[in-house]
>>> print(open('final.csv').read())   # CSV, C-alpha atoms
chain,number,residue,atom,x,y,z
A,241,MET,CA,18.1,-8.4,-0.7
A,242,LYS,CA,14.8,-6.8,-1.9
A,243,THR,CA,11.7,-8.9,-1.5
A,244,PHE,CA,9.1,-6.2,-1.9
A,245,TYR,CA,9.5,-4.0,-5.0
A,246,ASN,CA,7.2,-1.0,-5.5
A,247,PRO,CA,7.5,0.6,-9.0
A,248,GLU,CA,4.7,3.1,-8.1
A,249,LEU,CA,6.7,4.8,-5.2
A,250,GLN,CA,8.0,8.2,-6.4
A,251,ASN,CA,11.6,9.2,-5.8
A,252,GLN,CA,12.4,5.8,-4.3
A,253,ASN,CA,15.8,4.7,-3.2
A,254,LEU,CA,17.0,1.7,-1.3
A,255,SER,CA,19.1,2.2,1.9
A,256,GLY,CA,20.0,-1.0,3.6
A,257,ILE,CA,16.8,-3.0,3.6
A,258,GLU,CA,14.4,-0.1,3.4
A,259,TRP,CA,12.8,1.7,0.5
A,260,ASN,CA,12.5,5.4,1.0
A,261,GLY,CA,10.4,7.8,-1.1
A,262,ASN,CA,7.4,10.2,-1.3
A,263,CYS,CA,4.4,9.2,0.7
A,264,PRO,CA,1.5,8.2,-1.6
A,265,MET,CA,-1.0,9.3,1.1
A,266,CYS,CA,0.2,12.8,2.1
A,267,GLY,CA,2.7,13.5,-0.6
A,268,LYS,CA,5.5,14.5,1.7
A,269,SER,CA,8.9,13.9,0.2
A,270,ASN,CA,11.2,11.3,1.6
A,271,HIS,CA,9.1,10.6,4.6
A,272,PHE,CA,7.8,7.2,3.5
A,273,TYR,CA,9.6,4.0,4.5
A,274,MET,CA,8.9,0.4,3.4
A,275,ASN,CA,10.9,-2.7,4.6
A,276,SER,CA,12.0,-4.6,1.5
A,277,LYS,CA,12.0,-7.9,3.3
A,278,ASN,CA,8.5,-8.0,4.9
A,279,GLY,CA,6.6,-5.2,3.2
A,280,LEU,CA,5.8,-3.3,6.4
A,281,TRP,CA,5.6,0.5,5.9
A,282,SER,CA,5.0,3.8,7.6
A,283,CYS,CA,5.0,7.6,6.9
A,284,LYS,CA,6.9,9.8,9.5
A,285,LYS,CA,4.7,12.8,8.4
A,286,CYS,CA,1.1,11.6,8.3
A,287,GLY,CA,1.5,8.6,10.6
A,288,GLU,CA,-0.1,6.1,8.2
A,289,GLU,CA,1.3,2.6,8.5
A,290,GLY,CA,0.5,-1.1,7.7
A,291,ASN,CA,1.6,-4.1,5.7
A,292,TRP,CA,2.0,-4.6,2.0
A,293,PHE,CA,-1.6,-5.7,1.3
A,294,GLN,CA,-3.0,-2.8,3.3
A,295,TYR,CA,-0.7,-0.5,1.2
A,296,GLN,CA,-2.0,-1.9,-2.1
A,297,LYS,CA,-5.6,-1.3,-0.9
A,298,LYS,CA,-4.9,2.3,0.2
A,299,VAL,CA,-3.1,3.5,-2.9
A,300,LYS,CA,-5.2,1.2,-5.3
A,301,ILE,CA,-2.1,-0.4,-6.9
A,302,GLY,CA,-2.8,-2.7,-9.7
A,303,SER,CA,-4.7,-0.7,-12.3
A,304,THR,CA,-2.8,-2.5,-15.0
A,305,ILE,CA,-3.5,-3.4,-18.6
A,306,GLU,CA,-4.6,-6.9,-17.5
A,307,GLU,CA,-7.2,-5.5,-15.0
A,308,GLU,CA,-8.5,-2.9,-17.5
A,309,GLU,CA,-9.0,-5.6,-20.1
A,310,THR,CA,-10.6,-7.8,-17.4
A,311,ASN,CA,-13.1,-5.1,-16.7
A,312,LYS,CA,-13.9,-4.6,-20.4
A,313,ILE,CA,-14.6,-8.3,-20.7
A,314,LYS,CA,-16.8,-8.4,-17.6
A,315,ASN,CA,-18.8,-5.5,-18.9
A,316,LYS,CA,-19.4,-7.2,-22.2
A,317,ILE,CA,-20.5,-10.4,-20.4
A,318,LYS,CA,-23.1,-8.3,-18.5
A,319,ILE,CA,-24.4,-7.0,-21.9
A,320,PHE,CA,-24.3,-10.3,-23.8
A,321,GLY,CA,-24.9,-12.7,-21.0
A,322,LYS,CA,-22.0,-14.9,-22.0
A,323,LEU,CA,-18.4,-14.6,-23.3
A,324,PRO,CA,-18.7,-12.8,-26.6
A,325,ASN,CA,-17.1,-13.9,-29.9
A,326,PHE,CA,-14.3,-11.3,-29.6
A,327,LEU,CA,-12.4,-13.9,-27.5
A,328,GLU,CA,-11.9,-15.8,-30.7
A,329,ASP,CA,-9.9,-14.4,-33.6
A,330,GLU,CA,-9.9,-17.4,-36.0
A,331,LYS,CA,-11.0,-20.9,-36.5
A,332,GLU,CA,-9.5,-24.1,-37.9
A,333,GLU,CA,-11.5,-27.1,-39.1
A,334,ILE,CA,-10.3,-30.6,-39.2
A,335,LYS,CA,-12.1,-34.0,-39.7
A,336,LEU,CA,-11.3,-36.1,-36.6
A,337,GLU,CA,-13.7,-39.1,-36.2
A,338,GLY,CA,-12.7,-39.9,-32.6
A,339,LEU,CA,-12.9,-36.3,-31.4
A,340,SER,CA,-16.1,-35.3,-33.0
A,341,GLY,CA,-18.0,-38.5,-32.2
A,342,GLU,CA,-19.5,-38.4,-35.7
A,343,GLU,CA,-17.5,-39.6,-38.7
A,344,ASN,CA,-18.8,-36.9,-41.1
A,345,LYS,CA,-18.7,-34.0,-38.7
A,346,LYS,CA,-15.8,-31.6,-38.7
A,347,PHE,CA,-14.1,-30.8,-35.4
A,348,ILE,CA,-13.8,-27.1,-35.0
A,349,TYR,CA,-10.8,-25.7,-33.1
A,350,LYS,CA,-11.1,-22.1,-31.9
A,351,VAL,CA,-7.8,-20.2,-31.8
A,352,LEU,CA,-7.6,-17.9,-28.8
A,353,PRO,CA,-6.7,-14.2,-29.3
A,354,THR,CA,-3.2,-13.0,-28.8
A,355,ILE,CA,-2.8,-10.9,-25.6
A,356,GLU,CA,-0.3,-8.6,-23.9
A,357,LEU,CA,1.4,-8.9,-20.5
A,358,PRO,CA,0.6,-6.2,-18.0
A,359,ASN,CA,3.1,-3.5,-17.2
A,360,SER,CA,3.3,-4.7,-13.6
A,361,PHE,CA,5.2,-7.8,-14.7
A,362,ILE,CA,9.0,-7.4,-14.7
A,363,ASP,CA,11.9,-9.7,-15.6
A,364,ILE,CA,13.2,-12.0,-12.9
A,365,SER,CA,16.7,-11.3,-11.7
A,366,LYS,CA,18.8,-12.1,-8.7
A,367,ARG,CA,19.2,-8.4,-7.9
A,368,LYS,CA,15.7,-7.0,-8.5
A,369,THR,CA,13.4,-9.9,-7.7
A,370,PRO,CA,15.4,-12.2,-5.3
A,371,GLU,CA,12.2,-13.8,-4.0
A,372,ALA,CA,11.3,-15.2,-7.4
A,373,TYR,CA,14.9,-16.0,-8.3
A,374,ASN,CA,15.5,-17.8,-5.1
A,375,TYR,CA,12.3,-19.8,-5.3
A,376,ILE,CA,13.4,-21.2,-8.7
A,377,ILE,CA,16.9,-22.0,-7.5
A,378,LYS,CA,15.6,-23.6,-4.2
A,379,ARG,CA,13.4,-25.9,-6.3
A,380,ARG,CA,16.6,-27.2,-8.0
A,381,TYR,CA,16.1,-25.4,-11.3
A,382,SER,CA,18.8,-23.5,-13.1
A,383,LYS,CA,18.6,-19.8,-13.8
A,384,GLY,CA,18.5,-20.8,-17.5
A,385,LEU,CA,14.9,-21.8,-16.9
A,386,ILE,CA,13.9,-18.2,-16.5
A,387,GLU,CA,15.2,-17.1,-19.9
A,388,LYS,CA,14.0,-20.3,-21.7
A,389,TYR,CA,10.4,-20.0,-20.7
A,390,ASP,CA,10.2,-16.1,-20.3
A,391,LEU,CA,9.3,-16.3,-16.6
A,392,MET,CA,8.5,-13.0,-15.0
A,393,TYR,CA,7.5,-11.6,-11.6
A,394,GLY,CA,4.3,-9.7,-10.7
A,395,THR,CA,5.0,-6.6,-8.7
A,396,SER,CA,1.4,-5.4,-7.8
A,397,GLY,CA,-2.3,-6.0,-8.1
A,398,ASN,CA,-3.8,-9.5,-8.4
A,399,TYR,CA,-0.4,-11.0,-9.5
A,400,PHE,CA,1.8,-9.5,-6.8
A,401,ASN,CA,4.4,-11.9,-5.5
A,402,ARG,CA,3.7,-14.5,-8.2
A,403,ILE,CA,6.0,-16.0,-10.8
A,404,ILE,CA,4.4,-15.3,-14.1
A,405,ILE,CA,4.4,-18.2,-16.6
A,406,PRO,CA,3.5,-17.1,-20.2
A,407,VAL,CA,1.7,-19.6,-22.4
A,408,TYR,CA,2.4,-19.4,-26.1
A,409,LEU,CA,0.9,-21.0,-29.2
A,410,ARG,CA,2.9,-20.7,-32.4
A,411,GLY,CA,5.0,-18.0,-30.9
A,412,ARG,CA,2.0,-15.8,-29.8
A,413,LEU,CA,1.1,-15.1,-26.2
A,414,LYS,CA,-2.4,-16.7,-25.5
A,415,GLY,CA,-2.5,-16.6,-21.7
A,416,TYR,CA,-0.4,-16.7,-18.5
A,417,LEU,CA,-0.3,-18.2,-15.0
A,418,GLY,CA,0.7,-16.6,-11.8
A,419,ARG,CA,2.3,-19.0,-9.2
A,420,TRP,CA,2.2,-17.7,-5.6
A,421,ILE,CA,5.6,-17.5,-3.8
A,422,ASP,CA,5.1,-18.4,-0.1
A,423,ILE,CA,5.2,-15.7,2.5
A,424,PRO,CA,5.4,-16.6,6.2
A,425,ASN,CA,2.0,-16.2,8.0
A,426,TYR,CA,0.1,-15.5,4.8
A,427,LYS,CA,-1.8,-17.7,2.4
A,428,PRO,CA,-3.6,-16.5,-0.7
A,429,GLU,CA,-7.0,-17.8,-1.7
A,430,LYS,CA,-5.5,-19.5,-4.8
A,431,LYS,CA,-1.9,-20.8,-5.3
A,432,TYR,CA,-2.4,-20.2,-9.1
A,433,ARG,CA,-4.1,-17.2,-10.7
A,434,ASN,CA,-4.8,-17.5,-14.4
A,435,SER,CA,-5.2,-14.7,-17.0
A,436,TYR,CA,-8.9,-13.8,-17.1
A,437,GLY,CA,-11.0,-15.1,-20.0
A,438,THR,CA,-8.3,-17.7,-21.2
A,439,ASP,CA,-9.7,-21.1,-21.8
A,440,PHE,CA,-6.6,-23.2,-21.1
A,441,SER,CA,-8.3,-26.4,-22.5
A,442,PHE,CA,-7.4,-24.9,-25.9
A,443,LEU,CA,-3.7,-24.8,-25.0
A,444,LEU,CA,-0.8,-26.9,-24.1
A,445,GLY,CA,2.1,-25.4,-22.1
A,446,ASN,CA,5.5,-25.6,-23.9
A,447,TYR,CA,3.6,-26.6,-27.1
A,448,ASP,CA,6.0,-24.8,-29.4
A,449,PHE,CA,8.9,-26.9,-28.2
A,450,ILE,CA,7.4,-30.2,-29.3
A,451,ASN,CA,9.5,-32.6,-31.4
A,452,LYS,CA,7.2,-35.0,-33.1
A,453,LYS,CA,9.9,-37.6,-33.7
A,454,LYS,CA,10.4,-38.1,-29.9
A,455,VAL,CA,8.1,-39.3,-27.1
A,456,VAL,CA,6.1,-36.3,-25.8
A,457,VAL,CA,5.8,-36.3,-22.0
A,458,ILE,CA,2.5,-34.8,-20.7
A,459,CYS,CA,2.5,-33.4,-17.1
A,460,GLU,CA,-0.2,-31.6,-15.1
A,461,GLY,CA,1.7,-28.4,-14.4
A,462,ALA,CA,4.5,-26.1,-15.6
A,463,PHE,CA,7.1,-27.0,-13.0
A,464,SER,CA,6.6,-30.7,-13.4
A,465,SER,CA,7.1,-30.2,-17.2
A,466,TYR,CA,10.2,-28.1,-16.5
A,467,ARG,CA,11.6,-30.9,-14.4
A,468,ILE,CA,11.3,-33.4,-17.3
A,469,GLY,CA,12.8,-30.8,-19.7
A,470,PHE,CA,13.1,-31.8,-23.4
A,471,ASN,CA,9.8,-32.5,-25.2
A,472,SER,CA,7.6,-32.2,-22.2
A,473,VAL,CA,4.2,-30.3,-22.2
A,474,TYR,CA,1.6,-29.6,-19.5
A,475,SER,CA,-2.2,-29.7,-19.7
A,476,PHE,CA,-3.1,-27.3,-16.8
A,477,GLY,CA,-4.6,-30.1,-14.7
A,478,LYS,CA,-5.7,-33.7,-14.6
A,479,LYS,CA,-7.7,-33.6,-17.9
A,480,LEU,CA,-6.8,-33.7,-21.6
A,481,SER,CA,-9.4,-32.0,-23.8
A,482,ASN,CA,-10.3,-32.8,-27.4
A,483,GLU,CA,-8.7,-29.4,-28.3
A,484,GLN,CA,-5.4,-30.4,-26.7
A,485,ILE,CA,-5.5,-33.8,-28.5
A,486,TYR,CA,-6.1,-31.9,-31.7
A,487,LEU,CA,-3.0,-29.8,-31.1
A,488,LEU,CA,-1.0,-33.0,-30.6
A,489,LYS,CA,-2.4,-34.4,-33.9
A,490,LYS,CA,-1.5,-31.1,-35.7
A,491,LYS,CA,2.1,-31.6,-34.7
A,492,TYR,CA,1.9,-35.3,-35.9
A,493,VAL,CA,2.9,-36.6,-32.5
A,494,LYS,CA,3.0,-40.4,-32.4
A,495,GLU,CA,4.0,-41.5,-28.9
A,496,ILE,CA,3.0,-40.0,-25.6
A,497,LEU,CA,4.0,-40.6,-22.0
A,498,LEU,CA,1.4,-39.6,-19.4
A,499,LEU,CA,3.2,-38.4,-16.2
A,500,TYR,CA,0.7,-36.9,-13.9
A,501,ASP,CA,0.7,-36.5,-10.1
A,502,SER,CA,0.2,-39.4,-7.8
A,503,ASP,CA,-3.4,-38.4,-7.1
A,504,ALA,CA,-4.4,-38.7,-10.8
A,505,LYS,CA,-4.4,-42.5,-11.3
A,506,ILE,CA,-8.0,-42.7,-12.4
A,507,GLU,CA,-7.7,-39.7,-14.7
A,508,ILE,CA,-4.6,-41.1,-16.3
A,509,VAL,CA,-6.4,-44.3,-17.4
A,510,LYS,CA,-9.3,-42.3,-18.8
A,511,ILE,CA,-6.9,-40.1,-20.8
A,512,ALA,CA,-4.9,-43.1,-22.0
A,513,GLU,CA,-8.1,-44.7,-23.4
A,514,LYS,CA,-9.0,-41.5,-25.1
A,515,LEU,CA,-5.6,-41.3,-26.7
A,516,LEU,CA,-5.7,-44.9,-27.8
A,517,ASN,CA,-8.9,-44.1,-29.7
A,518,GLU,CA,-7.0,-41.5,-31.6
A,519,ASN,CA,-4.3,-44.0,-32.5
A,520,PHE,CA,-1.5,-42.7,-30.3
A,521,ILE,CA,1.1,-45.0,-28.8
A,522,VAL,CA,0.6,-44.4,-25.1
A,523,ARG,CA,3.1,-44.9,-22.3
A,524,ILE,CA,2.0,-44.6,-18.6
A,525,LEU,CA,3.8,-44.2,-15.3
A,526,PHE,CA,2.1,-44.0,-11.9
A,527,PHE,CA,3.7,-42.3,-9.0
A,528,GLU,CA,3.3,-43.8,-5.6
A,529,ASN,CA,3.4,-40.3,-4.1
A,530,GLY,CA,4.4,-36.8,-5.1
A,531,ASP,CA,4.7,-35.5,-8.7
A,532,PRO,CA,7.4,-35.1,-11.4
A,533,ALA,CA,8.6,-31.8,-9.9
A,534,ASP,CA,9.8,-33.7,-6.9
A,535,LEU,CA,12.2,-35.8,-8.9
A,536,ALA,CA,15.9,-35.2,-8.4
A,537,GLY,CA,19.1,-36.3,-10.1
A,538,ASP,CA,20.4,-36.4,-13.7
A,539,ASN,CA,18.8,-37.8,-16.9
A,540,ILE,CA,15.3,-37.6,-15.4
A,541,ARG,CA,13.6,-37.8,-18.8
A,542,GLU,CA,15.5,-41.0,-19.7
A,543,ARG,CA,14.7,-42.5,-16.4
A,544,VAL,CA,10.9,-42.0,-16.6
A,545,LEU,CA,10.8,-43.3,-20.1
A,546,GLU,CA,12.7,-46.4,-19.0
A,547,GLU,CA,10.3,-47.0,-16.0
A,548,SER,CA,7.1,-46.3,-18.0
A,549,LYS,CA,5.0,-49.1,-19.6
A,550,ILE,CA,3.2,-49.2,-22.9
A,551,TYR,CA,-0.6,-49.0,-22.2
A,552,GLU,CA,-3.0,-51.4,-23.8
A,553,SER,CA,-6.8,-50.9,-23.5
A,554,LYS,CA,-8.5,-51.9,-20.3
A,555,GLN,CA,-5.3,-53.3,-18.8
A,556,THR,CA,-4.4,-52.9,-15.2
A,557,ILE,CA,-1.2,-51.0,-14.6
A,558,PRO,CA,0.7,-51.6,-11.3
A,559,ILE,CA,1.8,-48.6,-9.3
A,560,ILE,CA,5.5,-47.9,-9.9
A,561,LYS,CA,7.6,-46.7,-6.9
A,562,PHE,CA,9.6,-44.2,-8.9
A,563,ARG,CA,12.0,-41.9,-7.2
>>> encode(input="final.csv", output="structure tokens")
Amino acid sequence: MKTFYNPELQNQNLSGIEWNGNCPMCGKSNHFYMNSKNGLWSCKKCGEEGNWFQYQKKVKIGSTIEEEETNKIKNKIKIFGKLPNFLEDEKEEIKLEGLSGEENKKFIYKVLPTIELPNSFIDISKRKTPEAYNYIIKRRYSKGLIEKYDLMYGTSGNYFNRIIIPVYLRGRLKGYLGRWIDIPNYKPEKKYRNSYGTDFSFLLGNYDFINKKKVVVICEGAFSSYRIGFNSVYSFGKKLSNEQIYLLKKKYVKEILLLYDSDAKIEIVKIAEKLLNENFIVRILFFENGDPADLAGDNIRERVLEESKIYESKQTIPIIKFR
């Protein structure tokens, strides 16, 4: 099975577990070999050798659309001293007393620009990207998850060896997350790498799938939301911004279940109070340990709804040992 896939290698072919092709350093045909399982490589002509990360540095892989756009944004920040207005392509205005803090002041929601995915992102498949495919299957998700949420795999650059999670708003791509797939004896600086310049406090993961007539379950992260399935969104962390509450109001959502990780008990209460002020019905469920992604079995959504409790202001909610 191929673990390390290199789209930049010229005249490449796979023999057993080794990629063979032209050496990017000396150019000699068919003298370059890379192990598809561990990323170790060498050239039989020029003698260069190393691991995958050294290879990326040597041949400067990763000059992708995403990185080119990143550099453009960075240059404009240097000029203007802050993120310029081109990150915003339209505005919406709505009068929300609780969100604005002032009854007669309009709450302004900024719609983020539509972006494109880099060319280095490829579709996940059992044959071409077994590392990503197997990661999803090992976590007890079905392969249908890949197609439903347009999950992809990063082949090079900053997003190499990451599952790519696109984030949409009304069918338009507004950002993406890269979730690192563990490699033995190597840990990246960050488990998640976000698309540069995207303010995720203006977005809710899986927002387009919301059904306003049913209870909306809010989780911290994508894979927790995937575990719950139907009518579940994620807030990219332990907070819920005014902008995210606005999105829920725009969908006319009435009832919400907060289902955050076990280390977010204080944050859940704060969010619950905030949602009560906006007249939502709020359900709450504390995990003794772990997070929703750890749940196993059938009918998980129904089980968490049954275990959850309606939250009333300032009340004390006991920790529920949910498995």
>>> closest_atom_pairs(input="final.csv", of="segment 422-499 of chain A", to="segment 349-369 of chain A", cutoff="12 Å", atoms="only C-alpha atoms", output="CSV")
residue,atom,partner,partner_atom,distance
A:Ser435,CA,A:Leu357,CA,9.5
A:Tyr436,CA,A:Ile355,CA,10.9
A:Gly437,CA,A:Leu352,CA,9.8
A:Thr438,CA,A:Leu352,CA,7.6
A:Asp439,CA,A:Leu352,CA,8.0
A:Phe440,CA,A:Leu352,CA,9.4
A:Ser441,CA,A:Leu352,CA,10.6
A:Phe442,CA,A:Val351,CA,7.6
A:Leu443,CA,A:Leu352,CA,8.8
A:Ser481,CA,A:Tyr349,CA,11.3
A:Asn482,CA,A:Tyr349,CA,9.1
A:Glu483,CA,A:Tyr349,CA,6.4
A:Gln484,CA,A:Tyr349,CA,9.6
A:Ile485,CA,A:Tyr349,CA,10.7
A:Tyr486,CA,A:Tyr349,CA,7.9
A:Leu487,CA,A:Tyr349,CA,9.0
A:Lys490,CA,A:Tyr349,CA,11.1
>>> residues_near_point(input="final.csv", point="(14.7, -24.3, -21.6)", cutoff="12 Å", atoms="only C-alpha atoms", output="ChimeraX atom specification")
/A:381-391,446,448-449,462-463,465-472
>>> closest_residue(input="final.csv", among="A:Ala504, A:Leu480, A:Gly397, A:Arg380", to="Asp534 of chain A", atoms="only C-alpha atoms")
A:Arg380
>>> residues_around(input="final.csv", residues="Asp501 of chain A", least_positions_apart="3", cutoff="9 Å", atoms="only C-alpha atoms", output="JSON, numbers by chain")
{"A": [459, 460, 464, 478, 504, 505, 526, 527, 528, 529, 530, 531, 532]}
>>> closest_residue(input="final.csv", among="A:Tyr373, A:Tyr393, A:Tyr447, A:Tyr474", to="Ile405 of chain A", atoms="only C-alpha atoms")
A:Tyr393
>>> residues_around(input="final.csv", residues="Leu254 of chain A", least_positions_apart="3", cutoff="10 Å", atoms="only C-alpha atoms", output="list in words")
Lys242, Ile257, Glu258, Trp259, Asn260, Gly261, Tyr273, Met274, Asn275 and Ser276 of chain A
>>> write_last_selection(input="final.csv", atoms="C-alpha atoms", output="JSON list (two decimals), keeping the file's coordinate frame")
[["chain", "number", "residue", "atom", "x", "y", "z"],
["A", 242, "LYS", "CA", 14.80, -6.80, -1.90],
["A", 257, "ILE", "CA", 16.80, -3.00, 3.60],
["A", 258, "GLU", "CA", 14.40, -0.10, 3.40],
["A", 259, "TRP", "CA", 12.80, 1.70, 0.50],
["A", 260, "ASN", "CA", 12.50, 5.40, 1.00],
["A", 261, "GLY", "CA", 10.40, 7.80, -1.10],
["A", 273, "TYR", "CA", 9.60, 4.00, 4.50],
["A", 274, "MET", "CA", 8.90, 0.40, 3.40],
["A", 275, "ASN", "CA", 10.90, -2.70, 4.60],
["A", 276, "SER", "CA", 12.00, -4.60, 1.50]]
>>> residues_near_point(input="final.csv", point="(9.2, 14.3, 2.4)", cutoff="12 Å", atoms="only C-alpha atoms", output="compact mmCIF listing (two decimals) with C-alpha atoms, in the frame of the given file")
# COMPACT_ATOMS: atom_id res chain seq x y z
CA GLN A 250 8.00 8.20 -6.40
CA ASN A 251 11.60 9.20 -5.80
CA GLN A 252 12.40 5.80 -4.30
CA ASN A 260 12.50 5.40 1.00
CA GLY A 261 10.40 7.80 -1.10
CA ASN A 262 7.40 10.20 -1.30
CA CYS A 263 4.40 9.20 0.70
CA PRO A 264 1.50 8.20 -1.60
CA MET A 265 -1.00 9.30 1.10
CA CYS A 266 0.20 12.80 2.10
CA GLY A 267 2.70 13.50 -0.60
CA LYS A 268 5.50 14.50 1.70
CA SER A 269 8.90 13.90 0.20
CA ASN A 270 11.20 11.30 1.60
CA HIS A 271 9.10 10.60 4.60
CA PHE A 272 7.80 7.20 3.50
CA TYR A 273 9.60 4.00 4.50
CA CYS A 283 5.00 7.60 6.90
CA LYS A 284 6.90 9.80 9.50
CA LYS A 285 4.70 12.80 8.40
CA CYS A 286 1.10 11.60 8.30
>>> atom_distance(input="final.csv", atom1="atom CA of Ile550 of chain A", atom2="atom CA of Val473 of chain A")
18.9 Å
>>> closest_residue(input="final.csv", among="A:Val456, A:Gly445, A:Asn451, A:Ile506", to="Leu413 of chain A", atoms="all atoms listed in the file")
A:Gly445
>>> closest_residue(input="final.csv", among="A:Leu280, A:Leu525, A:Val407, A:Ile421", to="Gly394 of chain A", atoms="only C-alpha atoms")
A:Ile421
>>> atom_distance(input="final.csv", atom1="atom CA of Val522 of chain A", atom2="atom CA of Ile496 of chain A")
5.0 Å
>>> atom_distance(input="final.csv", atom1="atom CA of Gly537 of chain A", atom2="atom CA of Leu497 of chain A")
19.7 Å
>>> residues_around(input="final.csv", residues="Gly418 of chain A", least_positions_apart="6", cutoff="8 Å", atoms="all atoms listed in the file", output="ChimeraX atom specification")
/A:394,399,402-405,432-434
